[in-house]
Amino acid sequence: MKPSVLLALVLFGCSRQADIYEQPDALVTPPKPNDAEDLPSVPDLDLQEFPECSTRPEGECRGVNDFPCAFTDYAADVIEQCFHATECTADGWVSVTLGDDGCLSDIGMESLDEAFVECLKDTIAPINCPCDETTHTVFLGVANDGCPGVTDPDE
């Protein structure tokens with residue numbers, strides 16, 4: 001092989017270029033609160049309208065025999081249902097807490113949305129779960145302005 005061809009191969013053959021770019025996510029989730037106490041409790045959350053906790057019917061928060069408490073799965077479903085029922089306008093972190101008696105004891109919310117809180121309360125407070133004190137926390141997003149894929153009937 002001629003030296004000039006060999007030199008050309010060495011110069012151009014070993015040259016590599018890579019356009020590596022990691023596109024940032026459109027939405028950055030803020031860090032999860034360490035516990036429910038990091039979220040402000042919903043003010044004036046009136047749970048007195050519901051019967052004594054021990055007399056409430058058991059809700060859909062029962063797991064399998066070995067693990068009877070499935071509150072986190074149930075709470076995640078209720079939060080999603082209430083989010084959609086209130087037209088996907090709630091924002092930030094939300095937490096729901098069961099007391100030692102298995103009944104709703106607190107709702108924490110970073111950015112208060114009264115309709116969303118009412119939905120959570122009206123769905124979770126009337127039932128009793130076979131659980132010890134537990135909290136489930138979910139991030140709803142930032143600046144939600146309606147459910148994606150749903151068109152406004154007024155448009």
# chains A, B, ... in the order shown; residues from 1 in each chain; ligands from 1
>>> residues_around(residues="Thr89 of chain A", least_positions_apart="4", cutoff="12 Å", atoms="only C-alpha atoms", output="number ranges by chain")
A: 80, 82-85, 111-117, 140-148
>>> closest_atom_pairs(of="segment 97-133 of chain A", to="segment 42-62 of chain A", cutoff="9 Å", atoms="only C-alpha atoms", output="Markdown table")
| residue | atom | partner | partner_atom | distance |
| --- | --- | --- | --- | --- |
| A:Asp101 | CA | A:Cys53 | CA | 6.9 |
| A:Gly102 | CA | A:Cys53 | CA | 7.6 |
| A:Cys103 | CA | A:Cys53 | CA | 6.0 |
| A:Leu104 | CA | A:Leu47 | CA | 8.1 |
| A:Ser105 | CA | A:Leu47 | CA | 7.9 |
| A:Asp106 | CA | A:Val42 | CA | 7.5 |
| A:Ile107 | CA | A:Val42 | CA | 5.8 |
| A:Gly108 | CA | A:Val42 | CA | 5.5 |
| A:Met109 | CA | A:Val42 | CA | 6.4 |
| A:Leu112 | CA | A:Val42 | CA | 7.2 |
| A:Glu114 | CA | A:Val42 | CA | 8.9 |
| A:Val117 | CA | A:Val42 | CA | 8.0 |
| A:Lys121 | CA | A:Leu47 | CA | 8.1 |
| A:Ile124 | CA | A:Gly59 | CA | 8.1 |
| A:Ala125 | CA | A:Phe50 | CA | 7.1 |
| A:Pro126 | CA | A:Phe50 | CA | 6.2 |
| A:Ile127 | CA | A:Gly59 | CA | 5.1 |
| A:Asn128 | CA | A:Glu58 | CA | 4.7 |
| A:Cys129 | CA | A:Glu58 | CA | 5.7 |
| A:Pro130 | CA | A:Arg62 | CA | 6.6 |
| A:Cys131 | CA | A:Arg62 | CA | 8.6 |
>>> select_by_dssp(residues="segment 10-144 of chain A", states="helix (DSSP H, G or I)", output="PyMOL selection string")
chain A and resi 10-13+36-38+53-55+71-85+114-124
>>> closest_residue(among="A:Asp132, A:Thr72, A:Phe139, A:Thr123", to="Ala90 of chain A", atoms="only C-alpha atoms")
A:Phe139
>>> select_by_dssp(residues="segment 40-145 of chain A", states="strand (DSSP E)", output="ChimeraX atom specification")
/A:62-64,67-69,91-98,104-111,134-139
>>> atom_distance(atom1="atom CA of Asp73 of chain A", atom2="atom CA of Gly149 of chain A")
25.0 Å
>>> residues_around(residues="Ala76 of chain A", least_positions_apart="5", cutoff="9 Å", atoms="only C-alpha atoms", output="list in words")
Phe71, Gln81, His136, Thr137 and Val138 of chain A
>>> decode(residues="segment 110-140 of chain A", atoms="N, CA and C atoms", output="tab-separated table (two decimals), in the first residue's frame")
chain	number	residue	atom	x	y	z
A	110	GLU	N	-50.12	20.02	48.71
A	110	GLU	CA	-49.20	21.11	48.47
A	110	GLU	C	-49.92	22.35	47.94
A	111	SER	N	-50.83	22.14	47.02
A	111	SER	CA	-51.59	23.22	46.40
A	111	SER	C	-53.07	22.86	46.51
A	112	LEU	N	-53.77	23.47	47.45
A	112	LEU	CA	-55.13	23.08	47.80
A	112	LEU	C	-56.09	23.21	46.62
A	113	ASP	N	-56.81	22.13	46.36
A	113	ASP	CA	-57.89	22.10	45.38
A	113	ASP	C	-59.09	21.50	46.11
A	114	GLU	N	-60.04	22.35	46.47
A	114	GLU	CA	-61.15	21.94	47.33
A	114	GLU	C	-62.01	20.83	46.72
A	115	ALA	N	-62.29	20.90	45.43
A	115	ALA	CA	-63.11	19.87	44.80
A	115	ALA	C	-62.41	18.52	44.84
A	116	PHE	N	-61.10	18.52	44.61
A	116	PHE	CA	-60.31	17.29	44.65
A	116	PHE	C	-60.31	16.71	46.07
A	117	VAL	N	-60.13	17.56	47.06
A	117	VAL	CA	-60.12	17.12	48.46
A	117	VAL	C	-61.49	16.54	48.84
A	118	GLU	N	-62.57	17.18	48.42
A	118	GLU	CA	-63.91	16.67	48.71
A	118	GLU	C	-64.11	15.29	48.11
A	119	CYS	N	-63.63	15.10	46.90
A	119	CYS	CA	-63.74	13.79	46.25
A	119	CYS	C	-62.98	12.73	47.05
A	120	LEU	N	-61.75	13.05	47.46
A	120	LEU	CA	-60.97	12.10	48.26
A	120	LEU	C	-61.69	11.77	49.56
A	121	LYS	N	-62.12	12.81	50.24
A	121	LYS	CA	-62.79	12.64	51.54
A	121	LYS	C	-64.07	11.81	51.38
A	122	ASP	N	-64.90	12.14	50.41
A	122	ASP	CA	-66.17	11.44	50.22
A	122	ASP	C	-66.00	9.99	49.79
A	123	THR	N	-64.84	9.67	49.21
A	123	THR	CA	-64.59	8.29	48.76
A	123	THR	C	-63.91	7.45	49.84
A	124	ILE	N	-62.94	8.03	50.54
A	124	ILE	CA	-62.15	7.24	51.50
A	124	ILE	C	-62.72	7.27	52.92
A	125	ALA	N	-63.25	8.41	53.36
A	125	ALA	CA	-63.68	8.54	54.76
A	125	ALA	C	-64.83	7.60	55.16
A	126	PRO	N	-65.75	7.24	54.28
A	126	PRO	CA	-66.85	6.37	54.73
A	126	PRO	C	-66.47	4.91	54.97
A	127	ILE	N	-65.24	4.53	54.70
A	127	ILE	CA	-64.85	3.12	54.82
A	127	ILE	C	-63.80	2.90	55.89
A	128	ASN	N	-63.59	1.66	56.22
A	128	ASN	CA	-62.57	1.23	57.16
A	128	ASN	C	-61.66	0.25	56.42
A	129	CYS	N	-60.37	0.39	56.61
A	129	CYS	CA	-59.40	-0.51	55.97
A	129	CYS	C	-58.69	-1.36	57.03
A	130	PRO	N	-58.34	-2.60	56.72
A	130	PRO	CA	-57.65	-3.46	57.67
A	130	PRO	C	-56.16	-3.11	57.73
A	131	CYS	N	-55.87	-1.86	58.09
A	131	CYS	CA	-54.49	-1.36	58.04
A	131	CYS	C	-54.12	-0.64	59.33
A	132	ASP	N	-52.83	-0.61	59.60
A	132	ASP	CA	-52.30	0.25	60.65
A	132	ASP	C	-52.14	1.64	60.05
A	133	GLU	N	-51.60	2.55	60.81
A	133	GLU	CA	-51.39	3.89	60.29
A	133	GLU	C	-50.49	3.83	59.05
A	134	THR	N	-50.93	4.43	57.98
A	134	THR	CA	-50.16	4.42	56.74
A	134	THR	C	-50.51	5.64	55.91
A	135	THR	N	-49.56	6.06	55.09
A	135	THR	CA	-49.75	7.23	54.22
A	135	THR	C	-49.35	6.87	52.80
A	136	HIS	N	-50.11	7.39	51.86
A	136	HIS	CA	-49.76	7.23	50.45
A	136	HIS	C	-49.65	8.63	49.85
A	137	THR	N	-48.52	8.91	49.17
A	137	THR	CA	-48.26	10.22	48.61
A	137	THR	C	-48.06	10.10	47.11
A	138	VAL	N	-48.67	11.03	46.36
A	138	VAL	CA	-48.63	11.00	44.89
A	138	VAL	C	-48.36	12.41	44.37
A	139	PHE	N	-47.58	12.49	43.29
A	139	PHE	CA	-47.35	13.76	42.60
A	139	PHE	C	-48.33	13.87	41.44
A	140	LEU	N	-49.12	14.93	41.42
A	140	LEU	CA	-50.15	15.11	40.40
A	140	LEU	C	-49.65	15.86	39.17
